[in-house]
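A.B. asks: I have a structure here, written as structure tokens, and I will follow up with some questions on it.
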Amino acid sequence: MKSKLLRVFSSILLFNVLVIYMPSTASGMLIAALISALLLLLNYANGVLFASSALVCTLILEALLRLTGGVLPSPYYRPHEFLVEGDRYRSNEDVSMLSPHGDLLAIDPTLDRALAYPKQLEFKTDSIGYRNVTDYGGEKLILIGDSFVVGNGNTQADSLSEIMRREQGISSYSMAFPNGPLGYSRIADEARTRFGPDICLVIAFFEGNDFQPIDKQDLALRQMTPSLLRTVAKNYSATLKEWFEVSKVFYGLYTQSLEKIRLSIASTQASSGNLLSESKTIVEQVGGTSMAFLSGYAEVTRREEYDDFGFLENQLASSRPDLVLFIPEKYRVYSALMNRPVQQLPDAQLSLLRRVTSDLGIELIDSTKALEERSRVLLESGEFTFWPDDTHWNRNGIEVAAKLLAAGLLNSTAPACVAAAPSNE
């Protein structure tokens, strides 16, 4: 009896240690549970020794991190990896760091380091884990989308919600997180549950990675796991991780690696033929400046046709946003401005989105022409709408989107959207 109890104790102890290092996802918790269960097969002495050793090593590493006061090398090149926790960011955080380069140099280490645009980034989160300066305060306009709406690669003051407030006089609340149509639908449900039906929902779709096959394995695992169990596991994991600095370091390493893998997979899935380049990135001259592009994202713009067999329509029918914003891929925006210009790219993704939103009676804002025109004008003074070393837009590009959204609210037929427009405040 004593040996059985000790085996169970060692398994539980190891599980808690592993949770410190594992991501707060169903997959992460399952892996920790399976590894811990293996200790039940060992004799009790070996099991206790193994689990205790793992705990001691973790405590030593934790002490080292705390004693050095953060002097150890950081695994993060931007706040996103540091703050991400499951399906949103850690709550009530205010991080400022020097980002040495954009995501393309992190994805492709063969890129010339001279392409880098170092910048100081501030990243604040609210009490429920979204990137906002303050908690929800009754804003009518809710912004949903991926890293473009989050503002990755940009400091807090240059995020979409902040630029809309400051330059368009429109108060909004961001519920954005690097995700996809399935995640946007979930967040839309969360928004209505939290804030009621009288809100104006805007969902932004990025051409580069929002028109891809869903991850069926992860979806199946989520569906197999009861929602209450997922919530309990997530909260337990988050509470335990809050106590350990070592958890933040390892989670940063994990998310940075995962982001590279995710974008590499996106590149492979995006290609419908030969990629523009065999490398992960391509570099073109734009107005005398070297600009990098993700090969897979660029290839998306060359699709002659695209059919997701009703997936996007199902998600939009479920989320029922009032407005949809289409964000074109960087390669499309600059295709005609390159030293080797590309003319008349197909618009397979936009065509599908236009058809789906029309069928569902959802208003669509296409930012392609406005971004192309603004990019052409800015190029005369050596400025851009996207970071040359990143897949994301910069402040100039976000300003374009803010103006289009402001106009879209004024012209909307949805009462909540009209109420959010500046002339009605």
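Just remember, in the structure tokens the first chain shown is A, the second B, etc., residues are 1-based per chain, and ligands are 1-based in the order shown.
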Can you tell me, as a PDB file with C-alpha atoms, in the first residue's frame, what residues are no more than 6 Å from segment 396-412 of chain A when counting only C-alpha atoms, ignoring any on the same chain fewer than 2 positions away?

C.D. replies:
ATOM      1  CA  LEU A 160      -5.272  49.836 -34.251  1.00  0.00           C
ATOM      2  CA  MET A 164      -8.617  54.903 -33.877  1.00  0.00           C
ATOM      3  CA  THR A 385       3.052  50.793 -44.814  1.00  0.00           C
ATOM      4  CA  TRP A 393       2.015  46.525 -41.238  1.00  0.00           C
ATOM      5  CA  ASN A 394       3.450  49.527 -39.397  1.00  0.00           C
ATOM      6  CA  ALA A 414     -25.980  48.331 -38.027  1.00  0.00           C
ATOM      7  CA  CYS A 417     -21.797  50.535 -35.502  1.00  0.00           C
ATOM      8  CA  VAL A 418     -23.371  53.886 -36.313  1.00  0.00           C
ATOM      9  CA  ALA A 421     -18.914  56.438 -35.137  1.00  0.00           C
TER      10      ALA A 421
END

A.B. asks: What gap, in Å, lies between atom CA of Val333 of chain A and atom CA of Leu294 of chain A?

C.D. replies: 13.4 Å

A.B. asks: Give the alpha helix (DSSP H) residues of segment 261-391 of chain A, as DSSP finds them on the backbone, and put them as number ranges by chain.

C.D. replies: A: 261-270, 295-300, 311-319, 330-334, 348-360, 368-379

A.B. asks: Put those residues in a file: C-alpha atoms, as a PDB file, in the first residue's frame.

C.D. replies:
ATOM      1  CA  ILE A 261       7.047  26.172 -37.215  1.00  0.00           C
ATOM      2  CA  ARG A 262       3.563  27.597 -37.759  1.00  0.00           C
ATOM      3  CA  LEU A 263       4.759  30.044 -40.395  1.00  0.00           C
ATOM      4  CA  SER A 264       6.833  27.366 -42.103  1.00  0.00           C
ATOM      5  CA  ILE A 265       3.763  25.113 -42.255  1.00  0.00           C
ATOM      6  CA  ALA A 266       1.712  28.045 -43.543  1.00  0.00           C
ATOM      7  CA  SER A 267       4.253  28.513 -46.315  1.00  0.00           C
ATOM      8  CA  THR A 268       3.931  24.856 -47.330  1.00  0.00           C
ATOM      9  CA  GLN A 269       0.127  24.822 -47.153  1.00  0.00           C
ATOM     10  CA  ALA A 270      -0.150  28.115 -49.002  1.00  0.00           C
ATOM     11  CA  SER A 295       7.416  33.035 -49.530  1.00  0.00           C
ATOM     12  CA  GLY A 296       4.284  31.118 -48.535  1.00  0.00           C
ATOM     13  CA  TYR A 297       2.264  34.270 -47.958  1.00  0.00           C
ATOM     14  CA  ALA A 298       3.425  35.704 -51.275  1.00  0.00           C
ATOM     15  CA  GLU A 299       2.388  32.504 -53.024  1.00  0.00           C
ATOM     16  CA  VAL A 300      -1.138  32.896 -51.626  1.00  0.00           C
ATOM     17  CA  PHE A 311     -15.498  26.573 -43.785  1.00  0.00           C
ATOM     18  CA  LEU A 312     -15.265  30.384 -43.807  1.00  0.00           C
ATOM     19  CA  GLU A 313     -18.974  30.729 -44.491  1.00  0.00           C
ATOM     20  CA  ASN A 314     -19.777  28.497 -41.530  1.00  0.00           C
ATOM     21  CA  GLN A 315     -17.556  30.517 -39.204  1.00  0.00           C
ATOM     22  CA  LEU A 316     -18.967  33.866 -40.329  1.00  0.00           C
ATOM     23  CA  ALA A 317     -22.508  32.545 -40.087  1.00  0.00           C
ATOM     24  CA  SER A 318     -21.694  31.579 -36.498  1.00  0.00           C
ATOM     25  CA  SER A 319     -19.864  34.760 -35.460  1.00  0.00           C
ATOM     26  CA  LYS A 330       2.323  42.614 -48.025  1.00  0.00           C
ATOM     27  CA  TYR A 331       3.486  41.092 -51.331  1.00  0.00           C
ATOM     28  CA  ARG A 332       0.224  42.137 -52.996  1.00  0.00           C
ATOM     29  CA  VAL A 333       0.482  45.692 -51.668  1.00  0.00           C
ATOM     30  CA  TYR A 334       4.024  46.156 -53.005  1.00  0.00           C
ATOM     31  CA  ALA A 348      -8.993  34.419 -55.105  1.00  0.00           C
ATOM     32  CA  GLN A 349      -9.166  35.013 -51.335  1.00  0.00           C
ATOM     33  CA  LEU A 350     -10.934  38.369 -51.597  1.00  0.00           C
ATOM     34  CA  SER A 351     -13.389  36.974 -54.148  1.00  0.00           C
ATOM     35  CA  LEU A 352     -14.377  34.181 -51.765  1.00  0.00           C
ATOM     36  CA  LEU A 353     -14.718  36.585 -48.835  1.00  0.00           C
ATOM     37  CA  ARG A 354     -16.746  39.005 -50.945  1.00  0.00           C
ATOM     38  CA  ARG A 355     -19.135  36.245 -52.018  1.00  0.00           C
ATOM     39  CA  VAL A 356     -19.538  34.865 -48.485  1.00  0.00           C
ATOM     40  CA  THR A 357     -20.147  38.243 -46.840  1.00  0.00           C
ATOM     41  CA  SER A 358     -22.605  39.192 -49.588  1.00  0.00           C
ATOM     42  CA  ASP A 359     -24.556  35.954 -49.117  1.00  0.00           C
ATOM     43  CA  LEU A 360     -24.678  36.513 -45.340  1.00  0.00           C
ATOM     44  CA  THR A 368      -6.270  46.701 -50.652  1.00  0.00           C
ATOM     45  CA  LYS A 369      -6.616  49.751 -52.896  1.00  0.00           C
ATOM     46  CA  ALA A 370      -6.161  52.211 -50.029  1.00  0.00           C
ATOM     47  CA  LEU A 371      -3.000  50.449 -48.822  1.00  0.00           C
ATOM     48  CA  GLU A 372      -1.593  50.251 -52.350  1.00  0.00           C
ATOM     49  CA  GLU A 373      -2.189  53.932 -52.950  1.00  0.00           C
ATOM     50  CA  ARG A 374      -0.813  55.002 -49.568  1.00  0.00           C
ATOM     51  CA  SER A 375       2.242  52.800 -50.110  1.00  0.00           C
ATOM     52  CA  ARG A 376       2.889  54.440 -53.480  1.00  0.00           C
ATOM     53  CA  VAL A 377       2.666  57.949 -52.019  1.00  0.00           C
ATOM     54  CA  LEU A 378       4.840  57.158 -48.978  1.00  0.00           C
ATOM     55  CA  LEU A 379       7.505  55.547 -51.142  1.00  0.00           C
TER      56      LEU A 379
END

A.B. asks: Fewer than 5 positions away in the same chain doesn't count, so skip those; otherwise give me all residues within 12 Å of His392 of chain A, counting only C-alpha atoms, as a PyMOL selection string.

C.D. replies: chain A and resi 102-104+146-154+159+178+206-208+292-294+297+327-331+333+384-387+397-398

A.B. asks: Would you please work out which residue, of A:Thr110, A:Ser127, A:Thr391, A:Thr413, is nearest to Ser91 of chain A when using only C-alpha atoms?

C.D. replies: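 Closest residue, counting only C-alpha atoms: A:Ser127.
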
A.B. asks: Pick from A:Ile107, A:Val133, A:Leu5, A:Val283: nearest to Leu40 of chain A, with only C-alpha atoms counted?

C.D. replies: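 The closest residue to Leu40 of chain A is A:Leu5.
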
A.B. asks: Find the nearest atom pair between each residue of segment 47-146 of chain A and segment 31-39 of chain A for residues within 9 Å, count only C-alpha atoms, give distances in Å to one decimal, sort rows by chain and ascending number, and present the table as a Markdown table.

C.D. replies:
| residue | atom | partner | partner_atom | distance |
| --- | --- | --- | --- | --- |
| A:Gly47 | CA | A:Leu39 | CA | 5.4 |
| A:Val48 | CA | A:Leu39 | CA | 8.6 |
| A:Phe50 | CA | A:Leu39 | CA | 8.4 |
| A:Ala51 | CA | A:Leu39 | CA | 8.5 |

A.B. asks: Next, dump the selected residues to file, keeping only C-alpha atoms, as an mmCIF file, in the first residue's frame.

C.D. replies:
data_model
loop_
_atom_site.group_PDB
_atom_site.id
_atom_site.type_symbol
_atom_site.label_atom_id
_atom_site.label_comp_id
_atom_site.auth_asym_id
_atom_site.auth_seq_id
_atom_site.Cartn_x
_atom_site.Cartn_y
_atom_site.Cartn_z
ATOM 1 C CA GLY A 47 9.677 7.216 -9.110
ATOM 2 C CA VAL A 48 10.154 9.435 -6.060
ATOM 3 C CA PHE A 50 13.018 10.986 -10.517
ATOM 4 C CA ALA A 51 10.208 13.377 -9.564
#

A.B. asks: As an exercise, work out the distance from atom CA of Ile163 of chain A to atom CA of Pro422 of chain A in Å and give it to one decimal place.

C.D. replies: 13.3 Å

A.B. asks: Work out how far apart atom CA of Arg7 of chain A and atom CA of Ser52 of chain A are and give it in Å to one decimal.

C.D. replies: 12.0 Å

A.B. asks: Using only C-alpha atoms, which protein or nucleic acid residues come within 9 Å of Met291 of chain A? Drop anything in the same chain fewer than 2 positions from it, and give the result as JSON, numbers by chain.

C.D. replies: {"A": [115, 282, 283, 284, 285, 286, 289, 293, 387, 388, 389, 390]}

A.B. asks: The selected residues should be written to file as a JSON list (two decimals), in the first residue's frame (atoms: all heavy atoms).

C.D. replies:
[["chain", "number", "residue", "atom", "x", "y", "z"],
["A", 115, "LEU", "N", 18.88, 43.96, -42.87],
["A", 115, "LEU", "CA", 17.47, 44.24, -43.12],
["A", 115, "LEU", "C", 16.73, 44.66, -41.85],
["A", 115, "LEU", "O", 15.62, 45.18, -41.93],
["A", 115, "LEU", "CB", 16.78, 42.98, -43.68],
["A", 115, "LEU", "CG", 17.02, 42.62, -45.14],
["A", 115, "LEU", "CD1", 16.49, 41.23, -45.42],
["A", 115, "LEU", "CD2", 16.34, 43.64, -46.05],
["A", 282, "ILE", "N", 11.67, 35.78, -49.48],
["A", 282, "ILE", "CA", 12.24, 36.36, -50.69],
["A", 282, "ILE", "C", 12.51, 37.83, -50.41],
["A", 282, "ILE", "O", 11.86, 38.45, -49.56],
["A", 282, "ILE", "CB", 11.29, 36.21, -51.90],
["A", 282, "ILE", "CG1", 9.91, 36.79, -51.57],
["A", 282, "ILE", "CG2", 11.18, 34.76, -52.33],
["A", 282, "ILE", "CD1", 8.95, 36.76, -52.73],
["A", 283, "VAL", "N", 13.47, 38.38, -51.09],
["A", 283, "VAL", "CA", 13.83, 39.79, -50.90],
["A", 283, "VAL", "C", 13.75, 40.50, -52.24],
["A", 283, "VAL", "O", 14.31, 40.04, -53.24],
["A", 283, "VAL", "CB", 15.25, 39.94, -50.30],
["A", 283, "VAL", "CG1", 15.62, 41.41, -50.16],
["A", 283, "VAL", "CG2", 15.34, 39.24, -48.95],
["A", 284, "GLU", "N", 13.03, 41.62, -52.25],
["A", 284, "GLU", "CA", 12.90, 42.44, -53.46],
["A", 284, "GLU", "C", 13.30, 43.87, -53.13],
["A", 284, "GLU", "O", 13.20, 44.31, -51.97],
["A", 284, "GLU", "CB", 11.46, 42.41, -53.97],
["A", 284, "GLU", "CG", 10.97, 41.04, -54.42],
["A", 284, "GLU", "CD", 11.54, 40.62, -55.76],
["A", 284, "GLU", "OE1", 12.18, 41.46, -56.43],
["A", 284, "GLU", "OE2", 11.35, 39.44, -56.14],
["A", 285, "GLN", "N", 13.72, 44.59, -54.15],
["A", 285, "GLN", "CA", 14.04, 46.01, -53.98],
["A", 285, "GLN", "C", 12.77, 46.83, -54.20],
["A", 285, "GLN", "O", 12.10, 46.70, -55.23],
["A", 285, "GLN", "CB", 15.12, 46.44, -54.97],
["A", 285, "GLN", "CG", 16.48, 45.82, -54.70],
["A", 285, "GLN", "CD", 17.05, 46.27, -53.37],
["A", 285, "GLN", "OE1", 17.12, 47.46, -53.07],
["A", 285, "GLN", "NE2", 17.45, 45.30, -52.56],
["A", 286, "VAL", "N", 12.46, 47.67, -53.23],
["A", 286, "VAL", "CA", 11.29, 48.55, -53.32],
["A", 286, "VAL", "C", 11.75, 49.97, -53.05],
["A", 286, "VAL", "O", 12.12, 50.31, -51.91],
["A", 286, "VAL", "CB", 10.20, 48.14, -52.30],
["A", 286, "VAL", "CG1", 9.01, 49.09, -52.40],
["A", 286, "VAL", "CG2", 9.75, 46.71, -52.52],
["A", 289, "THR", "N", 15.10, 50.20, -51.36],
["A", 289, "THR", "CA", 15.22, 49.54, -50.05],
["A", 289, "THR", "C", 14.96, 48.05, -50.20],
["A", 289, "THR", "O", 14.04, 47.64, -50.92],
["A", 289, "THR", "CB", 14.22, 50.14, -49.04],
["A", 289, "THR", "OG1", 14.52, 51.52, -48.84],
["A", 289, "THR", "CG2", 14.29, 49.41, -47.71],
["A", 293, "PHE", "N", 9.81, 39.30, -47.82],
["A", 293, "PHE", "CA", 8.45, 38.77, -47.85],
["A", 293, "PHE", "C", 8.50, 37.29, -47.48],
["A", 293, "PHE", "O", 9.46, 36.59, -47.82],
["A", 293, "PHE", "CB", 7.83, 38.91, -49.25],
["A", 293, "PHE", "CG", 7.82, 40.31, -49.79],
["A", 293, "PHE", "CD1", 8.93, 40.82, -50.46],
["A", 293, "PHE", "CD2", 6.71, 41.12, -49.63],
["A", 293, "PHE", "CE1", 8.92, 42.10, -50.97],
["A", 293, "PHE", "CE2", 6.69, 42.41, -50.13],
["A", 293, "PHE", "CZ", 7.80, 42.91, -50.80],
["A", 387, "TRP", "N", 6.49, 46.91, -42.32],
["A", 387, "TRP", "CA", 7.89, 46.86, -41.95],
["A", 387, "TRP", "C", 8.66, 46.03, -42.99],
["A", 387, "TRP", "O", 8.23, 44.92, -43.32],
["A", 387, "TRP", "CB", 8.08, 46.23, -40.58],
["A", 387, "TRP", "CG", 7.51, 47.03, -39.44],
["A", 387, "TRP", "CD1", 6.39, 46.73, -38.71],
["A", 387, "TRP", "CD2", 8.04, 48.24, -38.89],
["A", 387, "TRP", "NE1", 6.19, 47.69, -37.74],
["A", 387, "TRP", "CE2", 7.19, 48.63, -37.83],
["A", 387, "TRP", "CE3", 9.15, 49.02, -39.20],
["A", 387, "TRP", "CZ2", 7.40, 49.78, -37.08],
["A", 387, "TRP", "CZ3", 9.37, 50.17, -38.44],
["A", 387, "TRP", "CH2", 8.51, 50.53, -37.40],
["A", 388, "PRO", "N", 9.78, 46.52, -43.49],
["A", 388, "PRO", "CA", 10.56, 45.74, -44.48],
["A", 388, "PRO", "C", 11.07, 44.40, -43.94],
["A", 388, "PRO", "O", 11.29, 43.48, -44.73],
["A", 388, "PRO", "CB", 11.73, 46.68, -44.82],
["A", 388, "PRO", "CG", 11.18, 48.05, -44.59],
["A", 388, "PRO", "CD", 10.30, 47.90, -43.38],
["A", 389, "ASP", "N", 11.24, 44.28, -42.62],
["A", 389, "ASP", "CA", 11.77, 43.03, -42.04],
["A", 389, "ASP", "C", 10.70, 42.21, -41.33],
["A", 389, "ASP", "O", 11.01, 41.33, -40.53],
["A", 389, "ASP", "CB", 12.90, 43.36, -41.06],
["A", 389, "ASP", "CG", 12.43, 44.13, -39.83],
["A", 389, "ASP", "OD1", 11.33, 44.73, -39.88],
["A", 389, "ASP", "OD2", 13.16, 44.15, -38.83],
["A", 390, "ASP", "N", 9.43, 42.47, -41.62],
["A", 390, "ASP", "CA", 8.34, 41.85, -40.87],
["A", 390, "ASP", "C", 7.18, 41.57, -41.81],
["A", 390, "ASP", "O", 7.05, 42.19, -42.87],
["A", 390, "ASP", "CB", 7.89, 42.80, -39.75],
["A", 390, "ASP", "CG", 7.20, 42.07, -38.60],
["A", 390, "ASP", "OD1", 6.07, 41.61, -38.80],
["A", 390, "ASP", "OD2", 7.81, 41.97, -37.53]]

A.B. asks: Please, which residues in segment 296-372 of chain A fall within 12 Å of segment 137-144 of chain A when counting only C-alpha atoms, and what is the closest atom pair and distance in Å to one decimal for each, ordered by chain then residue number, as JSON lines?

C.D. replies:
{"residue": "A:Ser319", "atom": "CA", "partner": "A:Ile144", "partner_atom": "CA", "distance": 10.7}
{"residue": "A:Pro321", "atom": "CA", "partner": "A:Ile144", "partner_atom": "CA", "distance": 9.4}
{"residue": "A:Asp322", "atom": "CA", "partner": "A:Leu141", "partner_atom": "CA", "distance": 10.0}
{"residue": "A:Leu323", "atom": "CA", "partner": "A:Leu143", "partner_atom": "CA", "distance": 9.8}
{"residue": "A:Val324", "atom": "CA", "partner": "A:Ile144", "partner_atom": "CA", "distance": 9.5}
{"residue": "A:Leu325", "atom": "CA", "partner": "A:Ile144", "partner_atom": "CA", "distance": 9.8}

A.B. asks: Neighbours of segment 97-100 of chain A within 9 Å (only C-alpha atoms; same-chain residues fewer than 5 positions away dropped), as a compact mmCIF listing (two decimals) with N, CA, C and O atoms, in the first residue's frame?

C.D. replies:
# COMPACT_ATOMS: atom_id res chain seq x y z
N TYR A 76 13.34 36.05 -26.07
CA TYR A 76 12.29 36.78 -26.77
C TYR A 76 12.88 37.86 -27.67
O TYR A 76 13.81 38.56 -27.29
N TYR A 77 12.29 38.05 -28.85
CA TYR A 77 12.69 39.17 -29.69
C TYR A 77 11.57 40.21 -29.80
O TYR A 77 11.73 41.24 -30.42
N ARG A 78 10.42 39.89 -29.19
CA ARG A 78 9.29 40.83 -29.16
C ARG A 78 8.38 40.42 -27.99
O ARG A 78 8.46 39.29 -27.50
N PRO A 79 7.49 41.31 -27.52
CA PRO A 79 6.65 41.00 -26.36
C PRO A 79 5.68 39.85 -26.58
O PRO A 79 5.28 39.21 -25.61
N ALA A 116 17.31 44.43 -40.69
CA ALA A 116 16.63 44.62 -39.42
C ALA A 116 16.26 46.08 -39.15
O ALA A 116 17.04 47.00 -39.46
N TYR A 117 15.08 46.26 -38.57
CA TYR A 117 14.60 47.57 -38.12
C TYR A 117 14.38 47.49 -36.61
O TYR A 117 13.27 47.19 -36.14
N PRO A 118 15.41 47.75 -35.79
CA PRO A 118 15.23 47.69 -34.33
C PRO A 118 14.24 48.76 -33.86
O PRO A 118 14.21 49.86 -34.41
N LYS A 119 13.44 48.42 -32.84
CA LYS A 119 12.48 49.38 -32.32
C LYS A 119 12.09 49.05 -30.89
O LYS A 119 12.11 47.88 -30.49
N GLN A 120 11.77 50.07 -30.13
CA GLN A 120 11.33 49.89 -28.76
C GLN A 120 9.82 49.63 -28.77
O GLN A 120 9.05 50.41 -29.34
N LEU A 121 9.40 48.53 -28.16
CA LEU A 121 7.99 48.16 -28.17
C LEU A 121 7.43 48.12 -26.76
O LEU A 121 8.04 47.54 -25.86
N GLU A 122 6.29 48.74 -26.58
CA GLU A 122 5.54 48.64 -25.32
C GLU A 122 4.30 47.80 -25.58
O GLU A 122 3.65 47.93 -26.62
N PHE A 123 3.99 46.92 -24.65
CA PHE A 123 2.87 46.00 -24.81
C PHE A 123 2.13 45.91 -23.48
O PHE A 123 2.66 45.41 -22.50
N GLY A 153 4.69 43.78 -33.71
CA GLY A 153 5.69 44.53 -34.45
C GLY A 153 5.59 46.03 -34.24
O GLY A 153 6.43 46.79 -34.72

A.B. asks: Need the shell around Glu190 of chain A: protein/DNA/RNA residues with any atom at most 12 Å away, counting only C-alpha atoms. Skip same-chain ones fewer than 4 positions apart. Format as a PDB file with N, CA and C atoms, in the first residue's frame?

C.D. replies:
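To be explicit, this is the file written out as part_24.pdb:
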ATOM      1  N   ILE A 128      -8.329  40.650 -18.695  1.00  0.00           N
ATOM      2  CA  ILE A 128      -8.746  39.367 -19.267  1.00  0.00           C
ATOM      3  C   ILE A 128      -7.787  38.892 -20.365  1.00  0.00           C
ATOM      4  N   ILE A 142     -15.978  46.558 -31.052  1.00  0.00           N
ATOM      5  CA  ILE A 142     -15.094  45.460 -30.642  1.00  0.00           C
ATOM      6  C   ILE A 142     -14.295  45.000 -31.858  1.00  0.00           C
ATOM      7  N   ILE A 144     -11.817  42.350 -33.577  1.00  0.00           N
ATOM      8  CA  ILE A 144     -11.377  40.958 -33.512  1.00  0.00           C
ATOM      9  C   ILE A 144     -10.509  40.672 -34.736  1.00  0.00           C
ATOM     10  N   MET A 175     -10.130  42.668 -28.958  1.00  0.00           N
ATOM     11  CA  MET A 175     -10.159  41.277 -28.502  1.00  0.00           C
ATOM     12  C   MET A 175      -9.405  40.418 -29.524  1.00  0.00           C
ATOM     13  N   ALA A 176      -8.279  40.932 -29.957  1.00  0.00           N
ATOM     14  CA  ALA A 176      -7.497  40.276 -31.003  1.00  0.00           C
ATOM     15  C   ALA A 176      -6.450  39.346 -30.406  1.00  0.00           C
ATOM     16  N   GLY A 183     -11.029  30.646 -34.330  1.00  0.00           N
ATOM     17  CA  GLY A 183     -10.800  31.414 -33.112  1.00  0.00           C
ATOM     18  C   GLY A 183     -11.593  32.700 -33.082  1.00  0.00           C
ATOM     19  N   TYR A 184     -11.724  33.361 -34.242  1.00  0.00           N
ATOM     20  CA  TYR A 184     -12.497  34.604 -34.301  1.00  0.00           C
ATOM     21  C   TYR A 184     -13.954  34.349 -33.914  1.00  0.00           C
ATOM     22  N   SER A 185     -14.485  33.214 -34.361  1.00  0.00           N
ATOM     23  CA  SER A 185     -15.866  32.872 -34.028  1.00  0.00           C
ATOM     24  C   SER A 185     -16.023  32.675 -32.519  1.00  0.00           C
ATOM     25  N   ARG A 186     -15.039  32.022 -31.915  1.00  0.00           N
ATOM     26  CA  ARG A 186     -15.081  31.806 -30.467  1.00  0.00           C
ATOM     27  C   ARG A 186     -15.012  33.134 -29.718  1.00  0.00           C
ATOM     28  N   ARG A 194     -19.920  38.546 -22.783  1.00  0.00           N
ATOM     29  CA  ARG A 194     -19.405  39.497 -21.799  1.00  0.00           C
ATOM     30  C   ARG A 194     -20.097  40.856 -21.867  1.00  0.00           C
ATOM     31  N   PHE A 195     -20.324  41.352 -23.093  1.00  0.00           N
ATOM     32  CA  PHE A 195     -20.726  42.751 -23.257  1.00  0.00           C
ATOM     33  C   PHE A 195     -22.137  42.943 -23.784  1.00  0.00           C
ATOM     34  N   GLY A 196     -22.850  41.855 -24.060  1.00  0.00           N
ATOM     35  CA  GLY A 196     -24.224  41.963 -24.518  1.00  0.00           C
ATOM     36  C   GLY A 196     -24.348  42.097 -26.021  1.00  0.00           C
ATOM     37  N   PRO A 197     -25.560  42.108 -26.527  1.00  0.00           N
ATOM     38  CA  PRO A 197     -25.792  42.118 -27.984  1.00  0.00           C
ATOM     39  C   PRO A 197     -25.608  43.485 -28.635  1.00  0.00           C
ATOM     40  N   LEU A 201     -19.412  44.437 -33.918  1.00  0.00           N
ATOM     41  CA  LEU A 201     -18.302  43.507 -34.056  1.00  0.00           C
ATOM     42  C   LEU A 201     -17.626  43.664 -35.416  1.00  0.00           C
ATOM     43  N   SER A 319     -20.324  33.564 -36.184  1.00  0.00           N
ATOM     44  CA  SER A 319     -19.864  34.760 -35.460  1.00  0.00           C
ATOM     45  C   SER A 319     -20.715  35.986 -35.754  1.00  0.00           C
TER      46      SER A 319
END
